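Notes follow the structure.
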Amino acid sequence: MSFFERPILNSPYFVPDRHWELEDGRPTDRILPHRRKADLISAIPGARSSGSAPQGDLGLDHAAGLSTSSTEYNQSNLNELRQEVDTWRRLPNPSQWGVSPVTQRLLQHWRALQADESQPIRPFFCQLEAVETAIWLAEVAPKGGSRGRGRRFLGWLEQANAEANPELFRIALKLATGAGKTTVMAMLIAWQTLNAVRSPNAKRYSKGFLIVAPGITIKDRLRVLQPNDTDSYYASRSLVPTDLLPDLGKARIVITNYHAFKRRETQDISKGGRAALAGHGEVLDTLETEGQMLQRVMKDLMGMKNIVVINDEAHHCYRERPGAAARKLSGDERKEAEANAEAARLWISGIEAAKRLLGVPVVYDLSATPFFLAGSGYVEGTLFPWVVSDFSLMDAIECGIVKLPRVPVADNVPGRPEPMYRNLWREVGKRMPKKAKGQKKPNPADLPLEVQAALDALYGHYEKTYEAWEAEGVGVPPVFIVVCNNTTNSEMLRDYIAGYERESADGEIDFVKGKLGLFHNYDDYGERLAKPRTILIDSATLEAGGDIDKAFRDAHAAEIEAFRREQASRGQGADVLADADILREVMNTIGRKGRLGEQVRCVVSVSMLTEGWDANNVTHIFGLRAFGTRLICEQVIGRALRRLSYDLDPEPDPDTGQRLFRTEYADIMGIDGLNFSGQAVQAPVNKPRDVVNVRAMSPERDDLEITFPRVEGYRPDFADDRLTADFSKIEPFVLTPEKVGAAEVKMSGIVGEPVDLTLEHLGSIRRSTIQQRIAAHLVMHKLRDADGRPRMGLFPKANRIVKQWLDADLLVCEGGTMPAQALYKLLTDDICDRILGGLSVEGPEGKPVLRAILDPYNPTGSTADVNFNTSAPRWQPRPDRSHINYIVTDSEWEEQLARLIEDHHKVLAYAKNHNLGFEIPYRVEGEAHRYRPDFLIRLADPDAPEGGETEPLTLIIEVKGFRDGNAAIKAAAAKDIWVPAVNALGRYGRWGFAELRAVHSFREELDAAIDALLTAPATV
């Protein structure tokens, strides 16, 4: 097997445990059976060449040449930190994690979400790892870390920041383009906000956030981080449990682009007026003060203390290294370095100002390329020394998170060290057409032949891709991007591709047909299409938020007006939008069904689309400009790397048994960048599954709402010592070798007689001893008073109750296990929890001893809180039976049961427990778990008086085809502990639990479960 045949090795949802070996910048077709180390790896190999053309500074090699005498590039800290977090992540018991209860809840929720295949988009491992690293550094490391080494890592970060950012404490998370940095930001905000709300005195958390982006395009995209946004990630991607969403709404989030930090004029004075005033005294200072600038940029954060800053595309933000000898640059490289330095200075100065006024305890940097740029004073390409989590582009490719990029590696032009189309600008840059005398602009027909041939070659492959997408019914077209260096060349390329009008010598307007048919903006008769297929975007102007210049607006008046009419026809108020707003909306919605940019096929970019544009239907990029650094190459190519489909291959990988992503490709020409395939491979189109919004239909179906208690735990509650027990409905506690370990072992040497080891000697422990020790544990750890002290006087009662439990044969030993093993502390604890479920207070009512402990912040959950997107199998229930518009089913059994439930004459309403937030807490061997049953059913009470208030009757249903040990434990927790503890509260009506196991007997089992609850004694 070679890399070219199967580049994807790992699931995106698990720790990557294999990688392709690299040698001289190319895969060797050898798979190494462990995770790739965090290294300065840039997926940019050289071309296949018979010559000796040198590799660039950032080839697929180690950090060679990046350390200087005063800057040491050290990867060991990063790899050791990754190992620490990995060890911490594997701790089985949440009580060992050393984090707050809220953080524990979020980690458990995110890991469960990651395993839920019904979610259309769920957190990748790399996203969760980045957040886990931030959490570990904030909550675990200050306590010494999992092995007492946490402070060393904090010391490393403090030193790195003291040298490079003396006023700030920055933590950088490196995630490859397409790996989902916005999701990581949402998870960081949720973690900080929810902890700040529920622990207001904890100084390490904040509910105030300043998010800084490099441009308005990214700023617009990041609005999904606002909890009240219609597309908010917290709800639409289920990143926050529904019961915590109200607390998340208390966050204050300001999203801005760094340009806003530039201090503005406070008075509109002409240049002449300013000179006149200056002649009469001191120089007139009319710029905003630092405080005024902050008031304008982050008004909603004023008055808060200790806000958190999150930098998106953070490689633009750094403090220049003082006194460093700069590498001599010229031409475009010098201009680019100066622009980088000016942007970085403005960006970091704004954050430093925020710290002086409001306090900024931490800055989280997110970037695919957190490297120092040219003009920074550091060696260009040096990794930020405060990077704590690294998921490289090679990692993302091997996990299938991004498309596989391809560039030319060979052609049939002899005598060349590399293919011509790999760096096209070097071939044609000096031969690009210039405006001739008397012409308004150059003639597109004069483009160099190499450019025309390259466009034809790449377009030919696009055409096949377009036809394949049409055949599969994808619904949006693939997108072809052209990146140019200036407006003149971009307009010339646009006209060559899409067609144009020109004025002849006698003043008549002629129509010239475009060369690439699928990108035409005119029909065969010269009439403009109502929806342009090709658009030209001035990236730099749009990003800075400035107006489009008059020449640009005049040249594209027809396209802008067509889009304006389309926007207005959708009732979105296009009459009040500036031209730049409309074009920005077009850019932001390319590839999104039903939106303004839905049918755009070709984007010609003035300047560069370097980052932040996340359309997932880009399949081809054509570069016609100089790309000064390989970092910029990777950023531009990154625009094509977002996957179209996030559906896993239904067939598991033969080597690992895991379901992997299928390979998608992006073809690149004219950019000396990535290559992982020597020849074009026509991959099958991976059409994304349809995604629907599952939500409560409110207010029209609010009479079908089902509410439930959010239980956090249980406590014994009885006023006297009149305890009794009824174990007739309690599940037996079964000891098996799977639970406690092997009970029979055969020992044998190389020669000699074998011997069998068993647990027979434990049979000498008398049953009365077992009984007394369990009773002692019950009194010492479970039956405590309100002050937490053991009720020692209850021991005789407890001893009698344990004897009753043992006499009922509820301790079952299988596979050679022995009753004495019930004295293992973790098992004794589980047994006592079972016994508690059968206890009650003596008397005619026999009230249960256990009471449920509810979430103090949000004690009641509801179907009204349901709102998420899914691509999982689902069907629409009857509108008179379900508050929720869709039922998400995990199996045919569940769908069959759902139909039976909604047709049952005693059912008022029902809901599938999918993203509903209904959980049953329980413990196994001292470790906390949460169980999510399948359905909630609200029943009609046939004995209720007509028109009177009735006690709510709710039945919990679990569907189980195969019942293993874990299923039995969950069922016991629900039936023997949760149900009596909730019923004892008396505030949520009467509850019951049933487990349906035989698909052919669902109707009979459901009838029996419903009748059992209806005939059970009332709780109020």
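Chains: A, B, ... in order of the structure tokens. Residues: from 1 per chain. Ligands: from 1, in order shown.
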Set the distance at 10 Å and use only C-alpha atoms: which residues neighbour A:Lys203 once local chain neighbours fewer than 4 positions away are removed? I'd like the list as an MDAnalysis selection string.
chainID A and resid 196 199 305:306 361
Among stretch 214-323 of chain A, which residues does DSSP mark as alpha helix (DSSP H) when it is run on the backbone? Keep the chain and numbering as in the structure and answer as a PyMOL selection string.
chain A and resi 216-221+233-236+245-248+271-278+290-297
Which residues of stretch 378-431 of chain A come within 12 Å of stretch 168-185 of chain A, and what is each one's closest atom pair and distance in Å (one decimal), counting only C-alpha atoms, sorted by chain and residue number, as CSV?
```
residue,atom,partner,partner_atom,distance
A:Leu383,CA,A:Lys174,CA,9.8
A:Phe384,CA,A:Ala172,CA,7.7
A:Pro385,CA,A:Ala172,CA,8.6
A:Trp386,CA,A:Ile171,CA,5.5
A:Val387,CA,A:Ala172,CA,4.3
A:Val388,CA,A:Ala172,CA,5.9
A:Ser389,CA,A:Leu173,CA,5.0
A:Asp390,CA,A:Lys174,CA,4.7
A:Phe391,CA,A:Leu175,CA,4.9
A:Ser392,CA,A:Ala176,CA,5.2
A:Leu393,CA,A:Ala176,CA,4.9
A:Met394,CA,A:Ala176,CA,8.4
A:Asp395,CA,A:Ala176,CA,8.1
A:Ala396,CA,A:Ala176,CA,6.5
A:Ile397,CA,A:Ala176,CA,9.3
A:Glu398,CA,A:Ala176,CA,11.8
A:Cys399,CA,A:Ala179,CA,10.2
A:Gly400,CA,A:Ala179,CA,10.0
A:Ile401,CA,A:Ala179,CA,6.3
A:Val402,CA,A:Gly178,CA,5.9
A:Lys403,CA,A:Gly178,CA,8.8
A:Leu404,CA,A:Gly178,CA,11.5
```
Take the residues that were just selected and, keeping C-alpha atoms, output them as an mmCIF file, in the first residue's frame.
```cif
data_model
loop_
_atom_site.group_PDB
_atom_site.id
_atom_site.type_symbol
_atom_site.label_atom_id
_atom_site.label_comp_id
_atom_site.auth_asym_id
_atom_site.auth_seq_id
_atom_site.Cartn_x
_atom_site.Cartn_y
_atom_site.Cartn_z
ATOM 1 C CA LEU A 383 7.242 28.810 15.584
ATOM 2 C CA PHE A 384 5.823 31.025 18.320
ATOM 3 C CA PRO A 385 7.525 29.710 21.488
ATOM 4 C CA TRP A 386 4.218 29.808 23.407
ATOM 5 C CA VAL A 387 2.574 27.137 21.193
ATOM 6 C CA VAL A 388 1.188 24.436 23.512
ATOM 7 C CA SER A 389 -0.836 22.263 21.113
ATOM 8 C CA ASP A 390 0.153 21.274 17.593
ATOM 9 C CA PHE A 391 -1.964 19.529 14.973
ATOM 10 C CA SER A 392 -0.165 20.001 11.675
ATOM 11 C CA LEU A 393 -1.420 19.887 8.117
ATOM 12 C CA MET A 394 0.179 16.447 7.694
ATOM 13 C CA ASP A 395 -1.754 15.248 10.761
ATOM 14 C CA ALA A 396 -4.967 16.665 9.287
ATOM 15 C CA ILE A 397 -4.325 14.946 5.948
ATOM 16 C CA GLU A 398 -3.637 11.593 7.613
ATOM 17 C CA CYS A 399 -6.900 11.951 9.599
ATOM 18 C CA GLY A 400 -8.856 12.983 6.507
ATOM 19 C CA ILE A 401 -9.954 16.264 8.109
ATOM 20 C CA VAL A 402 -8.902 18.230 5.015
ATOM 21 C CA LYS A 403 -8.791 17.604 1.310
ATOM 22 C CA LEU A 404 -5.606 16.209 -0.173
#
```
Given the choices A:Glu700, A:Gly375, A:Asn617, A:Trp991, which gets closest to A:Ala339 if the distance is worked out from only C-alpha atoms?
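Closest to A:Ala339 of all the choices is A:Gly375.
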Please build the interface table for stretch 123-145 of chain A against stretch 6-16 of chain A with a cut-off of 9 Å, listing for each qualifying residue the nearest atom pair and the distance in Å to one decimal; count only C-alpha atoms, order rows by chain and increasing number, and write it as a Markdown table.
```
| residue | atom | partner | partner_atom | distance |
| --- | --- | --- | --- | --- |
| A:Pro123 | CA | A:Tyr13 | CA | 7.3 |
| A:Phe124 | CA | A:Tyr13 | CA | 4.9 |
| A:Phe125 | CA | A:Tyr13 | CA | 4.7 |
| A:Cys126 | CA | A:Pro12 | CA | 7.7 |
```
Hey, can you spit out that residue selection with all heavy atoms as a PDB file, in the first residue's frame?
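After the write, part20.pdb holds the following:
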```
ATOM      1  N   PRO A 123     -17.094  17.192  17.473  1.00  0.00           N
ATOM      2  CA  PRO A 123     -15.719  17.653  17.706  1.00  0.00           C
ATOM      3  C   PRO A 123     -14.680  16.624  17.259  1.00  0.00           C
ATOM      4  O   PRO A 123     -14.778  15.439  17.590  1.00  0.00           O
ATOM      5  CB  PRO A 123     -15.670  17.849  19.231  1.00  0.00           C
ATOM      6  CG  PRO A 123     -17.092  18.012  19.656  1.00  0.00           C
ATOM      7  CD  PRO A 123     -17.891  17.174  18.713  1.00  0.00           C
ATOM      8  N   PHE A 124     -13.707  17.095  16.486  1.00  0.00           N
ATOM      9  CA  PHE A 124     -12.572  16.248  16.144  1.00  0.00           C
ATOM     10  C   PHE A 124     -11.686  16.066  17.373  1.00  0.00           C
ATOM     11  O   PHE A 124     -11.706  16.877  18.303  1.00  0.00           O
ATOM     12  CB  PHE A 124     -11.736  16.890  15.035  1.00  0.00           C
ATOM     13  CG  PHE A 124     -12.454  17.043  13.722  1.00  0.00           C
ATOM     14  CD1 PHE A 124     -12.347  18.218  12.998  1.00  0.00           C
ATOM     15  CD2 PHE A 124     -13.237  16.019  13.214  1.00  0.00           C
ATOM     16  CE1 PHE A 124     -12.998  18.371  11.787  1.00  0.00           C
ATOM     17  CE2 PHE A 124     -13.895  16.163  11.999  1.00  0.00           C
ATOM     18  CZ  PHE A 124     -13.777  17.348  11.285  1.00  0.00           C
ATOM     19  N   PHE A 125     -10.863  15.020  17.329  1.00  0.00           N
ATOM     20  CA  PHE A 125      -9.917  14.828  18.422  1.00  0.00           C
ATOM     21  C   PHE A 125      -9.014  16.047  18.580  1.00  0.00           C
ATOM     22  O   PHE A 125      -8.744  16.499  19.693  1.00  0.00           O
ATOM     23  CB  PHE A 125      -9.047  13.582  18.182  1.00  0.00           C
ATOM     24  CG  PHE A 125      -7.840  13.544  19.067  1.00  0.00           C
ATOM     25  CD1 PHE A 125      -7.964  13.180  20.407  1.00  0.00           C
ATOM     26  CD2 PHE A 125      -6.589  13.930  18.598  1.00  0.00           C
ATOM     27  CE1 PHE A 125      -6.858  13.180  21.242  1.00  0.00           C
ATOM     28  CE2 PHE A 125      -5.480  13.932  19.432  1.00  0.00           C
ATOM     29  CZ  PHE A 125      -5.618  13.554  20.759  1.00  0.00           C
ATOM     30  N   CYS A 126      -8.540  16.606  17.463  1.00  0.00           N
ATOM     31  CA  CYS A 126      -7.587  17.723  17.546  1.00  0.00           C
ATOM     32  C   CYS A 126      -8.241  18.940  18.201  1.00  0.00           C
ATOM     33  O   CYS A 126      -7.577  19.690  18.922  1.00  0.00           O
ATOM     34  CB  CYS A 126      -7.045  18.079  16.173  1.00  0.00           C
ATOM     35  SG  CYS A 126      -8.295  18.622  14.976  1.00  0.00           S
TER      36      CYS A 126
END
```
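Among A:Gly741, A:Arg874, A:Ala725, A:Thr193, the residue with the shortest atom-to-atom distance to A:Leu836, counting only C-alpha atoms, is A:Ala725.
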So the first atom is atom CA of A:Val102 and the second is atom CA of A:Ile956; what is the distance between them in Å, to one decimal place?
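Spanning atom CA of A:Val102 to atom CA of A:Ile956 is a straight-line distance of 26.4 Å.
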When you count only C-alpha atoms, which of these residues is closest to A:Trp875: A:Arg899, A:Lys440, A:Arg221, A:His761?
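Distance minimum relative to A:Trp875 lands on A:Arg899.
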Find, counting only C-alpha atoms, the residue in A:Glu288, A:Leu188, A:Leu78, A:Ala666 that gets nearest to A:Gln127.
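Ranking A:Glu288, A:Leu188, A:Leu78, A:Ala666 by distance to A:Gln127, first place goes to A:Leu188.
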Taking 4 positions as the minimum chain separation for residues in the same chain, which residues sit within 12 Å of A:Asp809 when counting only C-alpha atoms? Answer as number ranges by chain.
A: 727-728, 730-734, 802-805, 813, 819
Per DSSP on the backbone, what are the strand (DSSP E or B) residues of stretch 700-873 of chain A, as number ranges by chain?
A: 707-709, 711-716, 723-725, 733-735, 744-747, 755-758, 784, 790, 811-813, 839-841, 848, 850-854, 860-862, 867-870
